[in-house]
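> The structure under discussion is supplied below as structure tokens; questions concerning it will follow.
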Amino acid sequence: MQTIDYSDKIPNNVNLAGDRALQRALEHWQPRFLQWWQEMGPSDFAAADVYLRTAVGVDAEGWASYGQVRMPDYRWGIFLADARPGRGIGFGDYFGEPAWQQVPGEYRSPLRRLIVTQGDTEPASVEQQRLLGHTCPSLYDLRNLFQINVEEGRHLWAMVYLLHAYFGRDGREEAQGLLERHSGDADKPRILGTFNEPVTDWLSFFMFTYFTDRDGKYQLKSLAESAFDPLARTTQFMLTEEAHHMFVGETGLSRVIKRTLEVMSELGTEEAGAIRNAGAVDLPTFQRYLNFWFCSSLDLFGSEVSSNAASSFANGLKGRPDEAQYDDHRCIDSVFSLAQPAAGGVVSEDVPMRNAMNEVLRMSYVRDCELGLKRWNRQLARAGLSFQLRLPSPRFHRAIGVWSSVSCDVEGNIVDAAEFGRRRAEWLPSASDRDFVRSLMQRVIAPGKMAAWIAPPERGINSLPIDYEYVRLN
Ligand code: BYC
């Protein structure tokens, strides 16, 4: 495996210099990416020196170096995890055959679609978070936001490399399209729903990095099983970067709760209005934000019954996260018992397992989401509170799949549209919740200081103190 050479115009470990045509095509795309970054990336911070990590290797030990970098000078590159010689296909109809180093002609179109959908989410998230820097709760958080943004930019590079290297002219056109759709754009929106939702406050940002980046984890893990080896290796390395994004979400939300608990103890009350007046996030509002982002992220897994998912599994394009943990890697005869709404209630129906793969992924994702809630609930219980946070039923507030046709309450009971309308503000952020959360978003940039609605982190980055100047605003 090649080490990463930073003297190259595009740092990479794929021997780009050995393929002149590909190198030229990517060097042609590079200024377009930079222009997109200037126009759609973090607004106004091009001159700031940011304490960023950059990949310098792809192995588990010491893969990143840290230093002050201006974001437009960040070295976005192409890094694949090391090849595993003799790797076999781990699932589907080709189970046990050698993994593919090229795209089989018959799977070109669905594979390209998967790569484009994955690639589309990366710049989308940068666009969604474009304005957040202006209301950062601390320099520590500002740096984390920018670290995530540059790495999402790199994840875009990861998919663009595959499109250019393996999909010829179509791939180059798709790579261009990834810079032309924009989050929330009425004419050219991003492909998946959640990536068109605005992320204009930091509570939403932490919910997004907890819930939506976790969808990223599950999708990347299932692509890391792909028979198409370059896709598997690219996504394996992306997962190492993704872990930090979820860390930012989980610790960010835990710090919001910690601060709320401090305010409750200072005031001697749990009353939501009093907590709000003191400038912290009351727990019912926290729960409503959680409901919104969790359910929106559930939609990202697609429909419960999907012929696309069945073909992707059968053809070896997309497996299940940690495929090795399953006994049956072909799933030809197995079935999945799926609950769905029917006239007068809910019925269970057996569907072929392959068609239910989106639901299989979604269920593993839900179990992973629960871990953070358990930790936050321990935080609440330790403080002597009876209030507990909970994940709403996956039937609640869905826009994709079988539950999108009915209204359900957060327990998963079917309710009529009128009742949903009446109780909506109990369950989902209202305009006044959003106004309140926005009112908290005041910029704090003195090193080590935190906004009043969030507790400091437990430790700084890379063993530096919390009051280190993580972003120098020049
Ligand atoms: N919104 O048969 P269906 C990340 C489309 S996040 C709008 O139900 P299928 C990240 C679907 O595309 C991970 N459209 O499901 C996180 C299809 O359209 P076409 C992103 C939706 O095909 C934070 C049609 O509905 N990666 O990395 O199995 C920050 C019927 O689809 C939605 C991936 O998703 C939706 N929510 O699709 C930064 C992996 N859901 O093709 C980054 C790649 C479905 O008929 N994508 N549709 O026009 C896939 O694996 C699959 O395409 C899906 C499920 C998971 C999206």
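Every chain in the structure tokens has a letter given in the order shown (A, B, ...), and although residue numbers restart at 1 in each chain, ligands are simply numbered from 1 in the order shown.
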Pull the closest atom pair for each residue of region 68-87 of chain A that gets at most 12 Å from region 15-20 of chain A, along with the distance in Å to one decimal, counting only C-alpha atoms, ordering rows by chain and then ascending residue number, as CSV.

residue,atom,partner,partner_atom,distance
A:Gly77,CA,A:Leu16,CA,10.7
A:Ile78,CA,A:Leu16,CA,9.1
A:Phe79,CA,A:Asn15,CA,10.4
A:Leu80,CA,A:Asn15,CA,11.0
> Mind dumping the selected residues with C-alpha atoms as an mmCIF file, in the first residue's frame?

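part11.cif, written as the output of this step:
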data_model
loop_
_atom_site.group_PDB
_atom_site.id
_atom_site.type_symbol
_atom_site.label_atom_id
_atom_site.label_comp_id
_atom_site.auth_asym_id
_atom_site.auth_seq_id
_atom_site.Cartn_x
_atom_site.Cartn_y
_atom_site.Cartn_z
ATOM 1 C CA GLY A 77 -7.408 13.837 -0.868
ATOM 2 C CA ILE A 78 -8.200 10.261 -1.806
ATOM 3 C CA PHE A 79 -7.514 7.610 0.811
ATOM 4 C CA LEU A 80 -8.522 3.978 0.603
#
> Residues within 8 Å of ligand 1, counting only C-alpha atoms and all ligand atoms: report them as a PyMOL selection string.
chain A and resi 113-126+152+191-194+208-209+212-220+223+296-310+312+318+358+399-401
> Quick one, how far is CA of Asp328 (chain A) from CA of Lys221 (chain A)?
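Between CA of Asp328 (chain A) and CA of Lys221 (chain A) the gap is 17.9 Å.
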> Taking into account only C-alpha atoms, which residue in the set A:Ile257, A:Pro392, A:Arg112, A:Arg438 is nearest to Gly168 (chain A)?
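Among the listed residues, A:Arg112 lies closest to Gly168 (chain A).
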> Using only C-alpha atoms, pick whichever of A:Glu197, A:Asp322, A:Asp59, A:Asp44 has the shortest atom-to-atom distance to Arg130 (chain A).
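Smallest distance to Arg130 (chain A) is found for A:Asp44.
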> Would you give me, as a tab-separated table, each residue of region 133-197 of chain A having an atom within 12 Å of an atom of region 30-35 of chain A, along with its shortest atom pair and that distance in Å to one decimal, using only C-alpha atoms and sorting by chain and residue number?

residue	atom	partner	partner_atom	distance
A:Val150	CA	A:Leu34	CA	11.5
A:Gly153	CA	A:Phe33	CA	8.8
A:Arg154	CA	A:Phe33	CA	10.5
A:Leu156	CA	A:Phe33	CA	9.4
A:Trp157	CA	A:Phe33	CA	8.9
A:Val160	CA	A:Gln30	CA	10.3
A:Tyr161	CA	A:Gln30	CA	11.0
A:Ala175	CA	A:Phe33	CA	9.9
A:Gln176	CA	A:Arg32	CA	8.4
A:Gly177	CA	A:Arg32	CA	11.2
A:Leu178	CA	A:Phe33	CA	9.6
A:Leu179	CA	A:Phe33	CA	7.2
A:Glu180	CA	A:Arg32	CA	10.3
> Would you pick out the contacts of Ser404 (chain A) at 10 Å or less, using only C-alpha atoms, so that residues sharing its chain but fewer than 6 positions from it are not included, and give the list as a PyMOL selection string?
chain A and resi 299+303+341+395-398
> Which polymer residues have any atom within 8 Å of an atom of region 93-110 of chain A, counting only C-alpha atoms, with same-chain residues fewer than 2 positions away left out, as a PyMOL selection string?
chain A and resi 86-91+112-114+166-167+227-230+312+314-316+329-330
> Considering only alpha helix (DSSP H) as DSSP defines it on the backbone, what residues of region 261-457 of chain A qualify? List them as an MDAnalysis selection string.
chainID A and resid 261:267 272:277 283:299 307:314 357:382 417:427 431:440
> Kindly indicate which residue among A:Ser348, A:Thr200, A:Asn462, A:Ser337 lies nearest to Asp435 (chain A), using only C-alpha atoms for the distances.
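Looking only at the distances to Asp435 (chain A), the closest residue turns out to be A:Thr200.
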> For a quick check of understanding, using only C-alpha atoms, which of A:Phe146, A:Trp202, A:Phe292, A:Phe195 has the smallest distance to Glu426 (chain A)?
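Using only C-alpha atoms, Glu426 (chain A) sits closest to A:Phe292.
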